[in-house]
Amino acid sequence: MKLIIANPATGQHKVVEIDDDNKLRVFFDKRMASEVEGDAIGDDFKGTVLRITGGNDKQGFPMKQGVLTNQRVRLLFKKGMSCFRERRKGCRKRKSVRGCIVGPDLSVMCLVLVKKGENDIEGLTDKMIPRRLGPKRANHIRNLFSLDKKDDVRKFVVRREKETKSGKIRSKAPKIQRLITPQLLQRKRHERALIRKRMEKGKEMKEEYMKRLQEYHQEQKEAKAEAVAKKKKKDQH
C-alpha cells in the first residue's frame, strides 16, 4: 500500500510504500478522520500521530466519509455531495464509492501529520516550503496577520514577483474578496433608498387606487339608485 503523508505546517508531503501487512495492521478497521500512532510505519515515524483523511482502492474508487463499510457500494449522488461533480443542473447519478473503513484492499491511503515525533523526518518536517499564494478573503487576511477591523487589509495582501516574457519583474496580488469599501456601503445605501422609494410609491398608488375604487362604487350605487327611481316614476305614470 502507498501512504501519502502530508504536513500542513511545513507544506511538505512524503510518499511511503509498505508491502508488509503487519505494519499496516494498525490502520485496518479504522475510520476516516481517526488518529493513529505512526510507530508501526518505521523508526523515522516514532512518536508521530497521523490522521486518516482518505484513500483509493485497487480499482481507483475513492473512500467516502460516512459510508460505514470496508467494501464498495453504489450510492445515488446529487449536487453538494463529496465524490460527485454535477454536469447538468439538477442531475443525479448513481456511482460506486469505497466505504470509509480502512481495509487491505486499498492501494493508496492519505494521511496528515497531526503530531511531530522526536526526530525530524526527511522530506516531511526538515524544511519549510513557503505558501505560493496568500489568502484572498478579507477576514482570512485579518486572521493571518491578527488585524483589527480598523486596519487597512489592502496593505497586508501577500504579493508575489513574476517575470514577464520580456524579462521584466512584476508584482502580482490577488483581488481581495468580501472587502467592505466606502463605494460598497454607498451602493448598499442607494439600493436600500431605491427599495424604500418603490415601497412608498406603491403605497401611494394603492391609496389612490382604493380612493378611485370607492368613488367608482359610489358612482355605481348612485347610477343604480337613479335607474330604480326612473323605473318607479315610469311605472306610476
# chains A, B, ... in the order shown; residues from 1 in each chain; ligands from 1
call {"tool": "select_by_dssp", "arguments": {"residues": "segment 71-182 of chain A", "states": "helix (DSSP H, G or I)", "output": "MDAnalysis selection string"}}
result
chainID A and resid 138:145 153:156 182
call {"tool": "write_last_selection", "arguments": {"atoms": "C-alpha atoms", "output": "PDB file, in the first residue's frame"}}
result
ATOM      1  CA  ALA A 138     -10.565  39.930   3.780  1.00  0.00           C
ATOM      2  CA  ASN A 139     -11.324  38.112   7.054  1.00  0.00           C
ATOM      3  CA  HIS A 140      -8.746  35.393   6.293  1.00  0.00           C
ATOM      4  CA  ILE A 141      -6.064  38.092   5.765  1.00  0.00           C
ATOM      5  CA  ARG A 142      -7.102  39.705   9.087  1.00  0.00           C
ATOM      6  CA  ASN A 143      -6.789  36.351  10.879  1.00  0.00           C
ATOM      7  CA  LEU A 144      -3.368  35.669   9.317  1.00  0.00           C
ATOM      8  CA  PHE A 145      -1.881  39.000  10.445  1.00  0.00           C
ATOM      9  CA  VAL A 153      -6.380  44.990   4.708  1.00  0.00           C
ATOM     10  CA  ARG A 154      -5.054  46.137   1.302  1.00  0.00           C
ATOM     11  CA  LYS A 155      -1.633  46.886   2.824  1.00  0.00           C
ATOM     12  CA  PHE A 156      -1.238  43.294   4.078  1.00  0.00           C
ATOM     13  CA  PRO A 182     -16.971  53.183   1.020  1.00  0.00           C
TER      14      PRO A 182
END
call {"tool": "closest_atom_pairs", "arguments": {"of": "segment 31-116 of chain A", "to": "segment 7-23 of chain A", "cutoff": "7 Å", "atoms": "only C-alpha atoms", "output": "JSON lines"}}
result
{"residue": "A:Ala40", "atom": "CA", "partner": "A:Lys23", "partner_atom": "CA", "distance": 5.3}
{"residue": "A:Ile41", "atom": "CA", "partner": "A:Lys23", "partner_atom": "CA", "distance": 5.8}
{"residue": "A:Val112", "atom": "CA", "partner": "A:Asn7", "partner_atom": "CA", "distance": 6.0}
{"residue": "A:Leu113", "atom": "CA", "partner": "A:Asn7", "partner_atom": "CA", "distance": 5.2}
call {"tool": "select_by_dssp", "arguments": {"residues": "chain A", "states": "strand (DSSP E)", "output": "ChimeraX atom specification"}}
result
/A:2-7,12-17,35-37,49-57,72-77,93-98,106-115,160-163,169-172
call {"tool": "write_last_selection", "arguments": {"atoms": "C-alpha atoms", "output": "PDB file, in the first residue's frame"}}
result
ATOM      1  CA  LYS A   2       1.136   3.536  -0.783  1.00  0.00           C
ATOM      2  CA  LEU A   3       0.890   6.044   2.085  1.00  0.00           C
ATOM      3  CA  ILE A   4       0.800   9.741   1.139  1.00  0.00           C
ATOM      4  CA  ILE A   5       1.666  11.712   4.295  1.00  0.00           C
ATOM      5  CA  ALA A   6       1.136  15.492   4.264  1.00  0.00           C
ATOM      6  CA  ASN A   7       2.400  18.039   6.763  1.00  0.00           C
ATOM      7  CA  GLN A  12       5.722  19.174   2.561  1.00  0.00           C
ATOM      8  CA  HIS A  13       4.444  15.698   1.738  1.00  0.00           C
ATOM      9  CA  LYS A  14       6.059  12.281   1.522  1.00  0.00           C
ATOM     10  CA  VAL A  15       5.105   9.011  -0.182  1.00  0.00           C
ATOM     11  CA  VAL A  16       5.909   5.790   1.705  1.00  0.00           C
ATOM     12  CA  GLU A  17       5.352   2.347   0.157  1.00  0.00           C
ATOM     13  CA  GLU A  35      -5.885   9.302  14.568  1.00  0.00           C
ATOM     14  CA  VAL A  36      -3.268   6.538  14.579  1.00  0.00           C
ATOM     15  CA  GLU A  37       0.247   6.364  16.078  1.00  0.00           C
ATOM     16  CA  VAL A  49       0.390  10.825  15.287  1.00  0.00           C
ATOM     17  CA  LEU A  50      -1.270  10.551  11.864  1.00  0.00           C
ATOM     18  CA  ARG A  51      -4.873  11.258  10.864  1.00  0.00           C
ATOM     19  CA  ILE A  52      -6.542   9.243   8.069  1.00  0.00           C
ATOM     20  CA  THR A  53      -8.056  11.626   5.504  1.00  0.00           C
ATOM     21  CA  GLY A  54      -8.977   9.279   2.629  1.00  0.00           C
ATOM     22  CA  GLY A  55      -7.740   6.829   0.052  1.00  0.00           C
ATOM     23  CA  ASN A  56      -8.488   4.757  -3.039  1.00  0.00           C
ATOM     24  CA  ASP A  57      -8.977   1.048  -3.547  1.00  0.00           C
ATOM     25  CA  ARG A  72     -17.597  -0.804  -2.306  1.00  0.00           C
ATOM     26  CA  VAL A  73     -21.202   0.452  -2.525  1.00  0.00           C
ATOM     27  CA  ARG A  74     -23.325   2.173  -5.167  1.00  0.00           C
ATOM     28  CA  LEU A  75     -24.954   5.407  -3.997  1.00  0.00           C
ATOM     29  CA  LEU A  76     -27.207   7.987  -5.614  1.00  0.00           C
ATOM     30  CA  PHE A  77     -25.328  11.317  -5.658  1.00  0.00           C
ATOM     31  CA  LYS A  93     -26.167   9.937 -10.631  1.00  0.00           C
ATOM     32  CA  ARG A  94     -25.575   6.513  -9.091  1.00  0.00           C
ATOM     33  CA  LYS A  95     -21.857   5.940  -8.551  1.00  0.00           C
ATOM     34  CA  SER A  96     -19.599   3.388  -6.890  1.00  0.00           C
ATOM     35  CA  VAL A  97     -17.591   4.551  -3.867  1.00  0.00           C
ATOM     36  CA  ARG A  98     -15.485   2.804  -1.265  1.00  0.00           C
ATOM     37  CA  LEU A 106      -6.728  -0.148  -0.514  1.00  0.00           C
ATOM     38  CA  SER A 107      -3.888   0.774  -2.860  1.00  0.00           C
ATOM     39  CA  VAL A 108      -3.436   4.385  -1.638  1.00  0.00           C
ATOM     40  CA  MET A 109      -4.127   5.956   1.750  1.00  0.00           C
ATOM     41  CA  CYS A 110      -3.846   9.668   2.511  1.00  0.00           C
ATOM     42  CA  LEU A 111      -2.651  10.775   5.948  1.00  0.00           C
ATOM     43  CA  VAL A 112      -1.975  14.079   7.687  1.00  0.00           C
ATOM     44  CA  LEU A 113       0.735  14.581  10.300  1.00  0.00           C
ATOM     45  CA  VAL A 114      -1.048  15.771  13.469  1.00  0.00           C
ATOM     46  CA  LYS A 115       1.822  15.466  15.974  1.00  0.00           C
ATOM     47  CA  ARG A 160       4.498  37.681  -5.373  1.00  0.00           C
ATOM     48  CA  GLU A 161       7.063  38.516  -8.018  1.00  0.00           C
ATOM     49  CA  LYS A 162       6.547  37.202 -11.553  1.00  0.00           C
ATOM     50  CA  GLU A 163       8.815  37.569 -14.558  1.00  0.00           C
ATOM     51  CA  ILE A 169       9.667  41.531 -12.963  1.00  0.00           C
ATOM     52  CA  ARG A 170       6.115  42.455 -11.972  1.00  0.00           C
ATOM     53  CA  SER A 171       4.447  42.248  -8.612  1.00  0.00           C
ATOM     54  CA  LYS A 172       1.128  40.395  -8.525  1.00  0.00           C
TER      55      LYS A 172
END
call {"tool": "closest_residue", "arguments": {"among": "A:Thr181, A:Arg137, A:His217, A:Arg92", "to": "Asp152 of chain A", "atoms": "only C-alpha atoms"}}
result
A:Thr181
call {"tool": "residues_around", "arguments": {"residues": "Cys91 of chain A", "least_positions_apart": "6", "cutoff": "10 Å", "atoms": "only C-alpha atoms", "output": "NGL selection string"}}
result
:A and (77-79 or 85)
call {"tool": "closest_residue", "arguments": {"among": "A:Glu226, A:Asp29, A:Glu207, A:Glu200", "to": "Cys100 of chain A", "atoms": "only C-alpha atoms"}}
result
A:Asp29
